[in-house]
Amino acid sequence: MKDRQITLAELQVFETERLAFRKIELSDKEDMFEYASDPEVARYVSFPEHKSLEMTEESIVNYFIPNRLICWGIVDKQSGKMIGTIDLRLEGDQAIFGWVLNRKFWGRGLMPEAAAYLRDLAFNQLEVQVITAEHDAENPKSGRVMEKIGMRKIGQVYTYIAKEKRSVLCDYWALTKAEYQALRK
């Protein structure tokens, strides 16, 4: 098996039917600010609502650029606009999903399309054994995305959200490689 880091480094740009994925640049700040400053979007994510363009710039410089191997901007191919981000963090033989999408693009099946691509990458090229993800229990739409790509809800955990100084009940989802292979048959 090729080293996972090399595989991720080679995956600079890729596409699905309606989406393009690429590394996030400082020039994406306006598109990212559009959704990161939306209170309805920020309500369900681990980062605080962006109150200024400078806050978005700091997020790009301090998180997305240093994590270029595991984070991609999601671009709507029709408009060319960056409409969200998706990441695939590796911890041993486990991959952990995270994503956010501009509310203007919710309900179109875009996130299942994006997540399915990374699910396939994780199992087929990175050879992980399990993919996990969690979401705020009050955000069932995120769980629906996980369900659509074959993940199953395995329980609930509390996660401390520092930005709100409170614990949030989260649904926890997983998909093993064996389950994935059974789905593909």
# chains A, B, ... in the order shown; residues from 1 in each chain; ligands from 1
call {"tool": "residues_around", "arguments": {"residues": "stretch 157-166 of chain A", "least_positions_apart": "5", "cutoff": "8 Å", "atoms": "only C-alpha atoms", "output": "list in words"}}
result
Ser46, Phe47, Pro48, Asp171 and Tyr172 of chain A
call {"tool": "closest_atom_pairs", "arguments": {"of": "stretch 109-185 of chain A", "to": "stretch 13-20 of chain A", "cutoff": "8 Å", "atoms": "only C-alpha atoms", "output": "Markdown table"}}
result
| residue | atom | partner | partner_atom | distance |
| --- | --- | --- | --- | --- |
| A:Leu110 | CA | A:Arg18 | CA | 7.6 |
| A:Glu113 | CA | A:Thr16 | CA | 7.2 |
| A:Ala114 | CA | A:Thr16 | CA | 7.3 |
| A:Tyr117 | CA | A:Thr16 | CA | 7.4 |
call {"tool": "residues_around", "arguments": {"residues": "stretch 133-145 of chain A", "least_positions_apart": "4", "cutoff": "9 Å", "atoms": "only C-alpha atoms", "output": "list in words"}}
result
Tyr44, Val45, Ala95, Ile96, Phe97, Gly98, Gly107, Gly109, Met111, Pro112, Ala115, Ile149, Gly150, Met151, Arg152, Lys153, Gln156, Val157, Thr159, Val168, Leu169, Cys170, Asp171, Tyr172, Trp173 and Ala174 of chain A
call {"tool": "select_by_dssp", "arguments": {"residues": "chain A", "states": "strand (DSSP E or B)", "output": "mmCIF file with N, CA and C atoms, in the first residue's frame"}}
result
data_model
loop_
_atom_site.group_PDB
_atom_site.id
_atom_site.type_symbol
_atom_site.label_atom_id
_atom_site.label_comp_id
_atom_site.auth_asym_id
_atom_site.auth_seq_id
_atom_site.Cartn_x
_atom_site.Cartn_y
_atom_site.Cartn_z
ATOM 1 N N VAL A 13 -6.845 18.029 -6.400
ATOM 2 C CA VAL A 13 -8.088 18.430 -7.059
ATOM 3 C C VAL A 13 -8.788 17.156 -7.505
ATOM 4 N N PHE A 14 -10.105 17.101 -7.314
ATOM 5 C CA PHE A 14 -10.900 15.984 -7.827
ATOM 6 C C PHE A 14 -12.322 16.469 -8.040
ATOM 7 N N GLU A 15 -13.095 15.654 -8.746
ATOM 8 C CA GLU A 15 -14.451 16.067 -9.103
ATOM 9 C C GLU A 15 -15.438 14.928 -8.933
ATOM 10 N N LEU A 19 -19.708 18.586 -8.398
ATOM 11 C CA LEU A 19 -18.812 19.303 -7.501
ATOM 12 C C LEU A 19 -17.356 19.154 -7.911
ATOM 13 N N ALA A 20 -16.578 20.166 -7.584
ATOM 14 C CA ALA A 20 -15.120 20.100 -7.699
ATOM 15 C C ALA A 20 -14.567 20.313 -6.294
ATOM 16 N N PHE A 21 -13.447 19.699 -6.023
ATOM 17 C CA PHE A 21 -12.807 19.808 -4.712
ATOM 18 C C PHE A 21 -11.378 20.271 -4.927
ATOM 19 N N ARG A 22 -10.942 21.200 -4.094
ATOM 20 C CA ARG A 22 -9.584 21.721 -4.213
ATOM 21 C C ARG A 22 -9.132 22.244 -2.856
ATOM 22 N N CYS A 71 -8.118 18.541 4.125
ATOM 23 C CA CYS A 71 -9.232 19.482 3.956
ATOM 24 C C CYS A 71 -9.341 19.936 2.503
ATOM 25 N N TRP A 72 -10.562 19.994 2.020
ATOM 26 C CA TRP A 72 -10.811 20.463 0.667
ATOM 27 C C TRP A 72 -11.967 21.452 0.670
ATOM 28 N N GLY A 73 -11.876 22.436 -0.201
ATOM 29 C CA GLY A 73 -13.002 23.313 -0.456
ATOM 30 C C GLY A 73 -13.926 22.618 -1.428
ATOM 31 N N ILE A 74 -15.229 22.745 -1.204
ATOM 32 C CA ILE A 74 -16.235 22.168 -2.101
ATOM 33 C C ILE A 74 -16.711 23.289 -3.016
ATOM 34 N N VAL A 75 -16.559 23.079 -4.312
ATOM 35 C CA VAL A 75 -16.907 24.099 -5.298
ATOM 36 C C VAL A 75 -18.071 23.604 -6.153
ATOM 37 N N ASP A 76 -19.094 24.428 -6.263
ATOM 38 C CA ASP A 76 -20.212 24.140 -7.156
ATOM 39 C C ASP A 76 -19.712 24.350 -8.589
ATOM 40 N N MET A 82 -17.098 28.505 -4.128
ATOM 41 C CA MET A 82 -16.787 27.581 -3.048
ATOM 42 C C MET A 82 -17.959 27.628 -2.070
ATOM 43 N N ILE A 83 -18.603 26.475 -1.860
ATOM 44 C CA ILE A 83 -19.844 26.444 -1.088
ATOM 45 C C ILE A 83 -19.710 25.704 0.244
ATOM 46 N N GLY A 84 -18.528 25.224 0.541
ATOM 47 C CA GLY A 84 -18.331 24.525 1.806
ATOM 48 C C GLY A 84 -16.969 23.885 1.870
ATOM 49 N N THR A 85 -16.781 23.110 2.922
ATOM 50 C CA THR A 85 -15.528 22.371 3.097
ATOM 51 C C THR A 85 -15.849 20.965 3.566
ATOM 52 N N ILE A 86 -14.923 20.069 3.311
ATOM 53 C CA ILE A 86 -15.029 18.697 3.802
ATOM 54 C C ILE A 86 -13.638 18.249 4.199
ATOM 55 N N ASP A 87 -13.561 17.506 5.298
ATOM 56 C CA ASP A 87 -12.255 16.990 5.690
ATOM 57 C C ASP A 87 -12.363 15.530 6.088
ATOM 58 N N LEU A 88 -11.228 14.876 6.004
ATOM 59 C CA LEU A 88 -11.109 13.459 6.296
ATOM 60 C C LEU A 88 -9.852 13.295 7.148
ATOM 61 N N ARG A 89 -10.045 13.302 8.461
ATOM 62 C CA ARG A 89 -8.920 13.186 9.398
ATOM 63 C C ARG A 89 -8.604 11.717 9.624
ATOM 64 N N LEU A 90 -7.342 11.376 9.577
ATOM 65 C CA LEU A 90 -6.914 9.997 9.787
ATOM 66 C C LEU A 90 -6.331 9.826 11.179
ATOM 67 N N GLU A 91 -6.796 8.788 11.865
ATOM 68 C CA GLU A 91 -6.261 8.409 13.175
ATOM 69 C C GLU A 91 -6.052 6.904 13.139
ATOM 70 N N GLN A 94 -8.555 4.525 11.303
ATOM 71 C CA GLN A 94 -9.864 5.175 11.328
ATOM 72 C C GLN A 94 -9.802 6.496 10.583
ATOM 73 N N ALA A 95 -10.887 6.819 9.888
ATOM 74 C CA ALA A 95 -11.040 8.124 9.249
ATOM 75 C C ALA A 95 -12.250 8.805 9.894
ATOM 76 N N ILE A 96 -12.136 10.109 10.090
ATOM 77 C CA ILE A 96 -13.203 10.880 10.726
ATOM 78 C C ILE A 96 -13.632 11.976 9.756
ATOM 79 N N PHE A 97 -14.921 11.981 9.431
ATOM 80 C CA PHE A 97 -15.481 12.983 8.531
ATOM 81 C C PHE A 97 -15.853 14.258 9.279
ATOM 82 N N GLY A 98 -15.751 15.367 8.563
ATOM 83 C CA GLY A 98 -16.300 16.640 9.015
ATOM 84 C C GLY A 98 -16.649 17.455 7.780
ATOM 85 N N TRP A 99 -17.733 18.215 7.838
ATOM 86 C CA TRP A 99 -18.108 19.028 6.690
ATOM 87 C C TRP A 99 -18.996 20.181 7.111
ATOM 88 N N VAL A 100 -19.067 21.147 6.228
ATOM 89 C CA VAL A 100 -19.979 22.282 6.385
ATOM 90 C C VAL A 100 -20.363 22.732 4.983
ATOM 91 N N LEU A 101 -21.616 23.186 4.836
ATOM 92 C CA LEU A 101 -22.116 23.581 3.527
ATOM 93 C C LEU A 101 -22.925 24.867 3.651
ATOM 94 N N VAL A 130 -12.446 1.796 9.398
ATOM 95 C CA VAL A 130 -13.718 2.334 9.872
ATOM 96 C C VAL A 130 -13.732 3.847 9.638
ATOM 97 N N ILE A 131 -14.902 4.353 9.273
ATOM 98 C CA ILE A 131 -15.129 5.799 9.162
ATOM 99 C C ILE A 131 -16.139 6.171 10.227
ATOM 100 N N THR A 132 -15.859 7.242 10.942
ATOM 101 C CA THR A 132 -16.793 7.731 11.951
ATOM 102 C C THR A 132 -17.106 9.204 11.695
ATOM 103 N N ALA A 133 -18.193 9.640 12.270
ATOM 104 C CA ALA A 133 -18.586 11.046 12.202
ATOM 105 C C ALA A 133 -19.590 11.293 13.322
ATOM 106 N N GLU A 134 -19.685 12.529 13.724
ATOM 107 C CA GLU A 134 -20.691 12.900 14.718
ATOM 108 C C GLU A 134 -21.334 14.208 14.297
ATOM 109 N N HIS A 135 -22.548 14.421 14.779
ATOM 110 C CA HIS A 135 -23.231 15.684 14.510
ATOM 111 C C HIS A 135 -24.123 16.022 15.694
ATOM 112 N N ASP A 136 -24.401 17.291 15.839
ATOM 113 C CA ASP A 136 -25.315 17.764 16.868
ATOM 114 C C ASP A 136 -26.634 17.018 16.699
ATOM 115 N N ARG A 152 -24.129 4.013 9.855
ATOM 116 C CA ARG A 152 -25.240 3.724 10.765
ATOM 117 C C ARG A 152 -24.983 4.396 12.110
ATOM 118 N N LYS A 153 -26.061 4.840 12.695
ATOM 119 C CA LYS A 153 -25.972 5.494 14.000
ATOM 120 C C LYS A 153 -25.684 4.424 15.050
ATOM 121 N N ILE A 154 -24.638 4.659 15.827
ATOM 122 C CA ILE A 154 -24.248 3.658 16.818
ATOM 123 C C ILE A 154 -24.410 4.156 18.246
ATOM 124 N N GLY A 155 -24.803 5.399 18.406
ATOM 125 C CA GLY A 155 -25.031 5.895 19.756
ATOM 126 C C GLY A 155 -24.969 7.404 19.820
ATOM 127 N N GLN A 156 -24.928 7.884 21.045
ATOM 128 C CA GLN A 156 -24.839 9.321 21.286
ATOM 129 C C GLN A 156 -23.743 9.583 22.311
ATOM 130 N N VAL A 157 -23.069 10.708 22.157
ATOM 131 C CA VAL A 157 -22.035 11.140 23.088
ATOM 132 C C VAL A 157 -22.208 12.634 23.321
ATOM 133 N N TYR A 158 -21.735 13.094 24.439
ATOM 134 C CA TYR A 158 -21.699 14.531 24.677
ATOM 135 C C TYR A 158 -20.361 15.067 24.209
ATOM 136 N N THR A 159 -20.397 16.185 23.525
ATOM 137 C CA THR A 159 -19.191 16.875 23.079
ATOM 138 C C THR A 159 -19.223 18.273 23.671
ATOM 139 N N TYR A 160 -18.086 18.697 24.205
ATOM 140 C CA TYR A 160 -18.009 20.042 24.773
ATOM 141 C C TYR A 160 -17.702 21.025 23.659
ATOM 142 N N ILE A 161 -18.551 22.019 23.498
ATOM 143 C CA ILE A 161 -18.369 23.058 22.495
ATOM 144 C C ILE A 161 -17.835 24.295 23.218
ATOM 145 N N ARG A 166 -20.638 24.913 26.599
ATOM 146 C CA ARG A 166 -21.666 23.965 26.997
ATOM 147 C C ARG A 166 -21.431 22.620 26.302
ATOM 148 N N SER A 167 -22.029 21.600 26.864
ATOM 149 C CA SER A 167 -21.970 20.277 26.256
ATOM 150 C C SER A 167 -23.160 20.103 25.325
ATOM 151 N N VAL A 168 -22.917 19.435 24.206
ATOM 152 C CA VAL A 168 -23.940 19.212 23.197
ATOM 153 C C VAL A 168 -24.071 17.705 22.989
ATOM 154 N N LEU A 169 -25.289 17.229 22.977
ATOM 155 C CA LEU A 169 -25.529 15.826 22.689
ATOM 156 C C LEU A 169 -25.343 15.606 21.191
ATOM 157 N N CYS A 170 -24.470 14.673 20.844
ATOM 158 C CA CYS A 170 -24.170 14.396 19.442
ATOM 159 C C CYS A 170 -24.504 12.952 19.095
ATOM 160 N N ASP A 171 -25.041 12.768 17.910
ATOM 161 C CA ASP A 171 -25.242 11.427 17.367
ATOM 162 C C ASP A 171 -23.908 10.978 16.776
ATOM 163 N N TYR A 172 -23.561 9.736 17.016
ATOM 164 C CA TYR A 172 -22.289 9.179 16.586
ATOM 165 C C TYR A 172 -22.573 8.102 15.547
ATOM 166 N N TRP A 173 -21.885 8.161 14.405
ATOM 167 C CA TRP A 173 -22.128 7.273 13.274
ATOM 168 C C TRP A 173 -20.836 6.564 12.883
ATOM 169 N N ALA A 174 -20.971 5.391 12.287
ATOM 170 C CA ALA A 174 -19.794 4.650 11.830
ATOM 171 C C ALA A 174 -20.144 3.786 10.636
ATOM 172 N N LEU A 175 -19.104 3.426 9.893
ATOM 173 C CA LEU A 175 -19.202 2.476 8.795
ATOM 174 C C LEU A 175 -17.882 1.720 8.757
ATOM 175 N N THR A 176 -17.939 0.405 8.904
ATOM 176 C CA THR A 176 -16.723 -0.400 8.839
ATOM 177 C C THR A 176 -16.443 -0.788 7.387
#
call {"tool": "atom_distance", "arguments": {"atom1": "atom CA of A:Leu26", "atom2": "atom CA of A:Ile60"}}
result
6.3 Å
call {"tool": "select_by_dssp", "arguments": {"residues": "chain A", "states": "helix (DSSP H, G or I)", "output": "PyMOL selection string"}}
result
chain A and resi 4-10+26-36+39-42+53-64+103-105+110-124+140-148+177-184
call {"tool": "closest_residue", "arguments": {"among": "A:Glu54, A:Leu126, A:Ala42, A:Lys81", "to": "A:Asp93", "atoms": "only C-alpha atoms"}}
result
A:Leu126
call {"tool": "residues_around", "arguments": {"residues": "stretch 3-10 of chain A", "least_positions_apart": "2", "cutoff": "9 Å", "atoms": "only C-alpha atoms", "output": "PyMOL selection string"}}
result
chain A and resi 1+12-13+68-70+125-127
call {"tool": "closest_residue", "arguments": {"among": "A:Phe123, A:Asn102, A:Ala116, A:Asn67", "to": "A:Ile24", "atoms": "only C-alpha atoms"}}
result
A:Asn67
call {"tool": "atom_distance", "arguments": {"atom1": "atom CA of A:Asn62", "atom2": "atom CA of A:Gly92"}}
result
23.8 Å
